$ cat final01.cif   # mmCIF, C-alpha atoms
data_structure
#
loop_
_atom_site.label_atom_id
_atom_site.label_comp_id
_atom_site.auth_asym_id
_atom_site.auth_seq_id
_atom_site.Cartn_x
_atom_site.Cartn_y
_atom_site.Cartn_z
CA MET B 1 100.76 123.69 82.88
CA VAL B 2 97.87 121.39 83.71
CA ASP B 3 96.36 121.88 87.16
CA LEU B 4 96.47 118.29 88.33
CA SER B 5 94.76 119.12 91.57
CA LYS B 6 91.76 120.54 89.67
CA GLU B 7 91.64 117.45 87.46
CA LEU B 8 91.62 115.20 90.52
CA LYS B 9 88.83 117.22 92.10
CA ASP B 10 86.71 117.23 88.93
CA LEU B 11 87.18 113.50 88.54
CA CYS B 12 86.18 112.91 92.15
CA ILE B 13 83.06 115.07 91.75
CA ASN B 14 82.04 113.28 88.54
CA ARG B 15 82.47 109.88 90.15
CA ILE B 16 80.36 110.86 93.16
CA LYS B 17 77.60 112.26 90.94
CA ARG B 18 77.60 109.15 88.76
CA CYS B 19 77.47 106.85 91.81
CA TRP B 20 74.61 108.92 93.23
CA GLU B 21 72.71 108.53 89.94
CA TRP B 22 73.27 104.78 90.19
CA LEU B 23 71.97 104.72 93.80
CA CYS B 24 68.81 106.57 92.69
CA ASP B 25 68.28 104.41 89.58
CA SER B 26 68.76 101.29 91.68
CA HIS B 27 65.93 102.37 93.98
CA LEU B 28 68.23 102.14 96.96
CA VAL B 29 67.38 105.74 97.80
CA PRO B 30 64.04 106.23 99.56
CA THR B 31 62.13 108.73 97.46
CA ALA B 32 59.20 110.11 99.37
CA ILE B 33 57.13 109.48 102.39
CA ASN B 34 53.47 110.23 103.10
CA ASN B 35 52.75 110.58 99.37
CA VAL B 36 54.77 113.75 99.08
CA ASP B 37 56.30 114.28 95.65
CA GLY B 38 60.00 114.71 95.22
CA LYS B 39 62.98 112.96 96.67
CA GLN B 40 63.76 113.46 100.30
CA TYR B 41 67.48 112.93 99.83
CA TYR B 42 69.78 114.93 97.57
CA LEU B 43 73.45 115.38 96.77
CA ASP B 44 74.64 118.62 98.35
CA PRO B 45 76.99 120.37 95.87
CA CYS B 46 78.93 122.21 98.60
CA LEU B 47 79.62 119.01 100.49
CA VAL B 48 80.59 117.25 97.25
CA ALA B 49 83.09 120.02 96.53
CA GLU B 50 84.56 119.73 100.04
CA THR B 51 84.79 115.96 99.63
CA ALA B 52 86.73 116.47 96.39
CA VAL B 53 89.11 118.97 97.99
CA GLN B 54 89.84 116.57 100.85
CA TYR B 55 90.37 113.70 98.41
CA SER B 56 92.78 115.59 96.14
CA SER B 57 94.72 116.84 99.16
CA ASP B 58 95.05 113.29 100.52
CA CYS B 59 96.17 112.09 97.08
CA GLU B 60 99.02 114.58 96.99
CA ILE B 61 100.11 113.65 100.51
CA LEU B 62 100.02 109.94 99.67
CA LYS B 63 102.11 110.45 96.53
CA ILE B 64 104.79 112.19 98.56
CA ARG B 65 104.71 109.53 101.26
CA TYR B 66 104.99 106.61 98.88
CA GLY B 67 107.41 108.37 96.53
CA GLU B 68 105.11 108.26 93.48
CA LYS B 69 106.51 111.03 91.34
CA ASN B 70 104.10 110.79 88.43
CA ASN B 71 100.32 110.73 88.21
CA ARG B 72 100.02 107.03 88.78
CA ILE B 73 98.05 105.94 91.78
CA GLN B 74 96.64 102.56 92.62
CA SER B 75 92.91 101.97 92.30
CA PRO B 76 92.55 100.65 95.87
CA ARG B 77 94.14 103.84 97.14
CA ILE B 78 91.74 105.98 95.14
CA ALA B 79 88.86 103.88 96.46
CA GLY B 80 90.00 104.13 100.08
CA LEU B 81 90.72 107.86 99.97
CA MET B 82 87.39 108.67 98.36
CA ALA B 83 85.55 106.47 100.84
CA ALA B 84 87.25 108.25 103.73
CA SER B 85 86.41 111.68 102.29
CA ILE B 86 82.78 110.72 101.65
CA GLY B 87 82.52 109.28 105.16
CA ARG B 88 83.89 112.49 106.61
CA TYR B 89 81.75 115.00 104.71
CA LYS B 90 78.63 112.91 104.03
CA PRO B 91 77.53 114.68 100.84
CA ILE B 92 74.07 113.08 100.74
CA SER B 93 71.68 115.21 102.75
CA ILE B 94 68.00 115.12 103.63
CA ARG B 95 65.76 117.92 102.45
CA GLU B 96 64.30 120.36 104.89
CA GLY B 97 60.92 119.33 106.16
CA PHE B 98 61.50 115.60 105.85
CA LEU B 99 62.03 113.42 108.87
CA ARG B 100 64.69 110.78 109.16
CA SER B 101 62.15 108.01 109.31
CA GLN B 102 64.27 105.46 107.50
CA ARG B 103 67.75 104.53 108.53
CA VAL B 104 69.13 103.76 105.09
CA PRO B 105 72.89 104.40 105.34
CA LEU B 106 73.13 106.32 102.07
CA ASN B 107 76.48 108.03 102.58
CA GLU B 108 78.01 104.75 103.63
CA LEU B 109 76.57 103.03 100.56
CA LEU B 110 77.91 105.82 98.36
CA ALA B 111 81.38 105.41 99.86
CA ILE B 112 81.44 101.61 99.64
CA PHE B 113 80.01 101.20 96.15
CA ASN B 114 82.01 104.08 94.71
CA GLY B 115 85.12 102.25 95.89
CA LEU B 116 84.00 99.01 94.30
CA PHE B 117 83.36 100.77 90.99
CA VAL B 118 86.77 102.44 91.12
CA CYS B 119 88.44 99.06 91.64
CA SER B 120 86.48 97.65 88.69
CA GLU B 121 87.32 100.47 86.26
CA PHE B 122 89.84 98.48 84.28
CA PRO B 123 88.56 96.11 81.61
CA ALA B 124 88.89 92.57 82.90
CA LYS B 125 91.21 90.29 81.00
CA SER B 126 89.21 87.28 82.11
CA LYS B 127 85.69 86.67 80.87
CA GLU B 128 84.01 86.52 84.24
CA TRP B 129 83.39 89.80 85.97
CA THR B 130 85.32 89.94 89.21
CA LEU B 131 82.80 92.23 90.87
CA SER B 132 79.90 89.96 89.90
CA SER B 133 81.79 87.02 91.39
CA PHE B 134 82.21 88.96 94.60
CA LEU B 135 78.49 89.75 94.77
CA LYS B 136 77.62 86.08 94.58
CA GLU B 137 79.73 85.14 97.55
CA LYS B 138 77.79 83.94 100.58
CA PHE B 139 79.59 86.38 102.84
CA PHE B 140 78.62 89.48 100.82
CA SER B 141 75.67 90.41 103.10
CA LYS B 142 77.76 90.21 106.22
CA TRP B 143 80.69 92.00 104.57
CA LEU B 144 78.47 94.87 103.46
CA ASN B 145 76.79 95.14 106.86
CA ASP B 146 80.16 95.13 108.66
CA PHE B 147 81.55 97.76 106.29
CA ILE B 148 78.48 99.99 106.83
CA HIS B 149 78.83 99.56 110.58
CA LEU B 150 82.52 100.52 110.42
CA LEU B 151 81.85 103.69 108.45
CA ARG B 152 78.83 104.68 110.50
CA TYR B 153 79.76 103.90 114.09
CA ARG B 154 83.45 103.13 114.41
CA ASN B 155 86.69 105.06 114.09
CA TYR B 156 88.78 104.46 111.00
CA THR B 157 91.49 106.04 108.90
CA ALA B 158 91.83 106.43 105.14
CA GLU B 159 94.59 103.85 105.18
CA ASN B 160 92.32 101.31 106.88
CA LEU B 161 89.92 101.68 103.98
CA ILE B 162 92.74 101.52 101.43
CA LEU B 163 93.75 98.17 102.92
CA THR B 164 90.15 96.93 102.67
CA TYR B 165 90.03 97.71 98.97
CA GLU B 166 93.54 96.38 98.41
CA THR B 167 92.47 93.07 99.93
CA PHE B 168 89.39 93.07 97.70
CA CYS B 169 91.53 93.72 94.62
CA LEU B 170 94.05 91.05 95.53
CA CYS B 171 91.23 88.51 95.76
CA TYR B 172 89.00 89.62 92.90
CA CYS B 173 90.70 92.15 90.63
CA LYS B 174 94.20 90.79 90.30
CA ASP B 175 94.41 92.31 86.82
CA VAL B 176 94.71 95.70 88.51
CA PHE B 177 98.18 94.65 89.63
CA LEU B 178 99.33 93.37 86.26
CA GLU B 179 99.65 96.77 84.58
CA PRO B 180 102.84 97.69 82.75
CA LYS B 181 105.82 98.66 84.85
CA ALA B 182 105.88 102.35 85.69
CA THR B 183 108.54 104.27 83.83
CA THR B 184 110.47 106.78 85.83
CA LYS B 185 112.03 109.79 84.17
CA MET X 186 114.51 95.71 120.08
CA THR X 187 111.79 98.32 119.68
CA ASP X 188 114.39 101.06 119.24
CA LYS X 189 116.04 99.16 116.41
CA ILE X 190 112.78 98.55 114.56
CA PHE X 191 111.78 102.18 114.65
CA ASP X 192 115.22 103.64 114.15
CA HIS X 193 114.64 105.73 111.06
CA ASN X 194 118.33 106.43 110.77
CA SER X 195 119.28 102.79 110.47
CA LYS X 196 120.44 101.23 107.22
CA GLU X 197 118.01 98.36 107.74
CA PHE X 198 115.09 100.78 107.78
CA ASP X 199 116.27 102.47 104.56
CA LEU X 200 116.68 99.16 102.85
CA ALA X 201 113.23 97.94 103.93
CA LEU X 202 111.63 101.19 102.81
CA ASN X 203 113.33 101.12 99.41
CA VAL X 204 112.28 97.55 98.82
CA ALA X 205 108.70 98.35 99.74
CA LEU X 206 108.57 101.43 97.53
CA GLU X 207 110.10 99.64 94.58
CA GLU X 208 107.69 96.76 94.93
CA ALA X 209 104.77 99.18 95.07
CA ALA X 210 106.03 101.05 92.01
CA THR X 211 106.63 98.02 89.83
CA ARG X 212 103.73 95.80 90.85
CA ARG X 213 100.90 98.11 91.48
CA CYS X 214 101.06 101.21 89.36
CA ASN X 215 98.24 101.88 86.96
CA PRO X 216 98.63 103.24 83.46
CA ASN X 217 98.70 106.98 83.15
CA LYS X 218 95.17 107.49 81.92
CA SER X 219 93.54 110.80 81.22
CA PRO X 220 90.77 111.86 83.63
CA LYS X 221 88.23 111.52 80.81
CA ALA X 222 89.32 107.95 80.07
CA THR X 223 89.36 107.16 83.77
CA TYR X 224 85.83 108.48 84.18
CA GLU X 225 84.63 106.51 81.16
CA GLY X 226 86.09 103.37 82.71
CA TYR X 227 84.26 104.16 85.93
CA CYS X 228 80.93 104.62 84.12
CA ASN X 229 81.50 101.41 82.17
CA ALA X 230 82.05 99.56 85.45
CA ILE X 231 78.71 100.85 86.74
CA ASP X 232 76.94 99.90 83.49
CA ARG X 233 78.50 96.43 83.45
CA VAL X 234 77.64 95.31 86.92
CA GLY X 235 75.39 98.03 88.33
CA LYS X 236 72.14 96.05 88.28
CA ASP X 237 73.69 92.95 89.84
CA LEU X 238 75.27 95.05 92.56
CA ALA X 239 71.99 96.86 93.27
CA LYS X 240 70.11 93.57 93.59
CA ALA X 241 72.77 92.06 95.84
CA ALA X 242 72.89 95.23 97.92
CA LYS X 243 69.12 95.29 98.40
CA ASN X 244 69.11 91.66 99.49
CA ALA X 245 71.99 92.31 101.86
CA LEU X 246 70.40 95.43 103.32
CA GLU X 247 67.04 93.69 103.81
CA LYS X 248 68.73 90.71 105.42
CA THR X 249 70.63 92.86 107.89
CA GLY X 250 67.73 95.17 108.69
CA TRP X 251 68.85 98.42 107.09
CA LEU X 252 65.98 98.26 104.64
CA ILE X 253 62.62 97.40 106.11
#
$ encode --input "final01.cif" --output "structure tokens"
Amino acid sequence: MVDLSKELKDLCINRIKRCWEWLCDSHLVPTAINNVDGKQYYLDPCLVAETAVQYSSDCEILKIRYGEKNNRIQSPRIAGLMAASIGRYKPISIREGFLRSQRVPLNELLAIFNGLFVCSEFPAKSKEWTLSSFLKEKFFSKWLNDFIHLLRYRNYTAENLILTYETFCLCYCKDVFLEPKATTK
Amino acid sequence: MTDKIFDHNSKEFDLALNVALEEAATRRCNPNKSPKATYEGYCNAIDRVGKDLAKAAKNALEKTGWLI
């Protein structure tokens, strides 16, 4: 019998690692200060594993609560649960010996952008990319800043974040909600 | 009034809950994809829009003071 919990955890870990690679490639991660070689931030494997355990546990609880008896789970829910787990365990750490001289909110960026990528996983049926459209909105800067502030300084629950991504999907990724009807056995 | 709304034993509550669950199941369920396919979709999403998102994020972070 397939260990669904292990599959969920592995998928969560892979997504986090891939999003971290994107953050590094995008030069959003400060690399070094004072001409010291090597990156000052890194993805802590233990914290990533704990994030994945928390996420898969929340998934199972959510399935029971909403009566989803098969493996199907909405993308906004995945996005919100992962964002909450990342916000809780903060898997991006700073290396020993480096000072926190820059206040780049890396864990918050990881949580937010990972969620956006999860919501955009499905191939769009329309020609224009929904996520690109969202980026071009005038309110994007303020939205991102407010979201970072929420994750960094305010109290929130996983379901608050699920609602945020649901709202995003309803406005920009409506195709997510046009999937075939779930068959129940 | 409050007691009626939160009366979990009431028929109205059961009906509302069933309607909500059915709506969630029929409108919002995703296809049953394998983890590998799901991960590929995730990577494709990053490849498709990653650069645009990075540029927009940098502008947003500079504008709001997170990046100096």
$ atom_distance --input "final01.cif" --atom1 "atom CA of B:Phe140" --atom2 "atom CA of X:Ala245"
7.3 Å
$ atom_distance --input "final01.cif" --atom1 "atom CA of B:Glu159" --atom2 "atom CA of B:Gly80"
6.9 Å
$ atom_distance --input "final01.cif" --atom1 "atom CA of B:Gly67" --atom2 "atom CA of B:Asn160"
19.6 Å
$ residues_around --input "final01.cif" --residues "B:Glu50" --least-positions-apart "4" --cutoff "8 Å" --atoms "only C-alpha atoms" --output "list in words"
Cys46, Gln54 and Tyr89 of chain B
$ residues_near_point --input "final01.cif" --point "(71.3, 93.3, 110.8)" --cutoff "10 Å" --atoms "only C-alpha atoms" --output "CSV table (one decimal) with C-alpha atoms, in the frame of the given file"
chain,number,residue,atom,x,y,z
B,141,SER,CA,75.7,90.4,103.1
B,142,LYS,CA,77.8,90.2,106.2
B,145,ASN,CA,76.8,95.1,106.9
B,146,ASP,CA,80.2,95.1,108.7
B,149,HIS,CA,78.8,99.6,110.6
X,245,ALA,CA,72.0,92.3,101.9
X,246,LEU,CA,70.4,95.4,103.3
X,247,GLU,CA,67.0,93.7,103.8
X,248,LYS,CA,68.7,90.7,105.4
X,249,THR,CA,70.6,92.9,107.9
X,250,GLY,CA,67.7,95.2,108.7
X,251,TRP,CA,68.8,98.4,107.1
X,252,LEU,CA,66.0,98.3,104.6
$ axis_aligned_box --input "final01.cif" --around "stretch 230-241 of chain X" --padding-each-side "5 Å" --output "AutoDock Vina command-line options"
--center_x 76.1 --center_y 96.5 --center_z 89.6 --size_x 21.9 --size_y 18.8 --size_z 22.4
$ resolve_selection --input "final01.cif" --expression "the PyMOL selection byres ((chain X and resi 220) around 8)" --output "ChimeraX atom specification"
/B:7-8,11 /X:218-219,221-224
$ resolve_selection --input "final01.cif" --expression "the PyMOL selection byres ((chain B and resi 121) around 8)" --output "NGL selection string"
(:B and (117-120 or 122-123)) or (:X and (223 or 226-230))
$ write_last_selection --input "final01.cif" --atoms "C-alpha atoms" --output "PDB file, keeping the file's coordinate frame"
ATOM      1  CA  PHE B 117      83.360 100.770  90.990  1.00  0.00           C
ATOM      2  CA  VAL B 118      86.770 102.440  91.120  1.00  0.00           C
ATOM      3  CA  CYS B 119      88.440  99.060  91.640  1.00  0.00           C
ATOM      4  CA  SER B 120      86.480  97.650  88.690  1.00  0.00           C
ATOM      5  CA  PHE B 122      89.840  98.480  84.280  1.00  0.00           C
ATOM      6  CA  PRO B 123      88.560  96.110  81.610  1.00  0.00           C
TER       7      PRO B 123
ATOM      8  CA  THR X 223      89.360 107.160  83.770  1.00  0.00           C
ATOM      9  CA  GLY X 226      86.090 103.370  82.710  1.00  0.00           C
ATOM     10  CA  TYR X 227      84.260 104.160  85.930  1.00  0.00           C
ATOM     11  CA  CYS X 228      80.930 104.620  84.120  1.00  0.00           C
ATOM     12  CA  ASN X 229      81.500 101.410  82.170  1.00  0.00           C
ATOM     13  CA  ALA X 230      82.050  99.560  85.450  1.00  0.00           C
TER      14      ALA X 230
END
$ residues_near_point --input "final01.cif" --point "(82.4, 109.8, 94.0)" --cutoff "12 Å" --atoms "all atoms listed in the file" --output "PDB file with C-alpha atoms, in the coordinates of the input"
ATOM      1  CA  LEU B   8      91.620 115.200  90.520  1.00  0.00           C
ATOM      2  CA  LYS B   9      88.830 117.220  92.100  1.00  0.00           C
ATOM      3  CA  ASP B  10      86.710 117.230  88.930  1.00  0.00           C
ATOM      4  CA  LEU B  11      87.180 113.500  88.540  1.00  0.00           C
ATOM      5  CA  CYS B  12      86.180 112.910  92.150  1.00  0.00           C
ATOM      6  CA  ILE B  13      83.060 115.070  91.750  1.00  0.00           C
ATOM      7  CA  ASN B  14      82.040 113.280  88.540  1.00  0.00           C
ATOM      8  CA  ARG B  15      82.470 109.880  90.150  1.00  0.00           C
ATOM      9  CA  ILE B  16      80.360 110.860  93.160  1.00  0.00           C
ATOM     10  CA  LYS B  17      77.600 112.260  90.940  1.00  0.00           C
ATOM     11  CA  ARG B  18      77.600 109.150  88.760  1.00  0.00           C
ATOM     12  CA  CYS B  19      77.470 106.850  91.810  1.00  0.00           C
ATOM     13  CA  TRP B  20      74.610 108.920  93.230  1.00  0.00           C
ATOM     14  CA  GLU B  21      72.710 108.530  89.940  1.00  0.00           C
ATOM     15  CA  TRP B  22      73.270 104.780  90.190  1.00  0.00           C
ATOM     16  CA  LEU B  23      71.970 104.720  93.800  1.00  0.00           C
ATOM     17  CA  LEU B  43      73.450 115.380  96.770  1.00  0.00           C
ATOM     18  CA  LEU B  47      79.620 119.010 100.490  1.00  0.00           C
ATOM     19  CA  VAL B  48      80.590 117.250  97.250  1.00  0.00           C
ATOM     20  CA  ALA B  49      83.090 120.020  96.530  1.00  0.00           C
ATOM     21  CA  GLU B  50      84.560 119.730 100.040  1.00  0.00           C
ATOM     22  CA  THR B  51      84.790 115.960  99.630  1.00  0.00           C
ATOM     23  CA  ALA B  52      86.730 116.470  96.390  1.00  0.00           C
ATOM     24  CA  TYR B  55      90.370 113.700  98.410  1.00  0.00           C
ATOM     25  CA  ILE B  78      91.740 105.980  95.140  1.00  0.00           C
ATOM     26  CA  ALA B  79      88.860 103.880  96.460  1.00  0.00           C
ATOM     27  CA  GLY B  80      90.000 104.130 100.080  1.00  0.00           C
ATOM     28  CA  LEU B  81      90.720 107.860  99.970  1.00  0.00           C
ATOM     29  CA  MET B  82      87.390 108.670  98.360  1.00  0.00           C
ATOM     30  CA  ALA B  83      85.550 106.470 100.840  1.00  0.00           C
ATOM     31  CA  ALA B  84      87.250 108.250 103.730  1.00  0.00           C
ATOM     32  CA  SER B  85      86.410 111.680 102.290  1.00  0.00           C
ATOM     33  CA  ILE B  86      82.780 110.720 101.650  1.00  0.00           C
ATOM     34  CA  GLY B  87      82.520 109.280 105.160  1.00  0.00           C
ATOM     35  CA  TYR B  89      81.750 115.000 104.710  1.00  0.00           C
ATOM     36  CA  LYS B  90      78.630 112.910 104.030  1.00  0.00           C
ATOM     37  CA  PRO B  91      77.530 114.680 100.840  1.00  0.00           C
ATOM     38  CA  ILE B  92      74.070 113.080 100.740  1.00  0.00           C
ATOM     39  CA  ASN B 107      76.480 108.030 102.580  1.00  0.00           C
ATOM     40  CA  GLU B 108      78.010 104.750 103.630  1.00  0.00           C
ATOM     41  CA  LEU B 109      76.570 103.030 100.560  1.00  0.00           C
ATOM     42  CA  LEU B 110      77.910 105.820  98.360  1.00  0.00           C
ATOM     43  CA  ALA B 111      81.380 105.410  99.860  1.00  0.00           C
ATOM     44  CA  ILE B 112      81.440 101.610  99.640  1.00  0.00           C
ATOM     45  CA  PHE B 113      80.010 101.200  96.150  1.00  0.00           C
ATOM     46  CA  ASN B 114      82.010 104.080  94.710  1.00  0.00           C
ATOM     47  CA  GLY B 115      85.120 102.250  95.890  1.00  0.00           C
ATOM     48  CA  LEU B 116      84.000  99.010  94.300  1.00  0.00           C
ATOM     49  CA  PHE B 117      83.360 100.770  90.990  1.00  0.00           C
ATOM     50  CA  VAL B 118      86.770 102.440  91.120  1.00  0.00           C
TER      51      VAL B 118
ATOM     52  CA  TYR X 224      85.830 108.480  84.180  1.00  0.00           C
ATOM     53  CA  TYR X 227      84.260 104.160  85.930  1.00  0.00           C
ATOM     54  CA  CYS X 228      80.930 104.620  84.120  1.00  0.00           C
TER      55      CYS X 228
END
$ closest_residue --input "final01.cif" --among "B:Ile73, B:Gly97, B:Thr130, B:Val53" --to "B:Tyr172" --atoms "all atoms listed in the file"
B:Thr130
$ resolve_selection --input "final01.cif" --expression "the PyMOL selection byres ((chain B and resi 167) around 12)" --output "list in words"
Ser75, Pro76, Arg77, Ala79, Gly80, Leu116, Cys119, Asn160, Leu161, Ile162, Leu163, Thr164, Tyr165, Glu166, Phe168, Cys169, Leu170, Cys171, Tyr172, Cys173, Lys174, Val176 and Phe177 of chain B
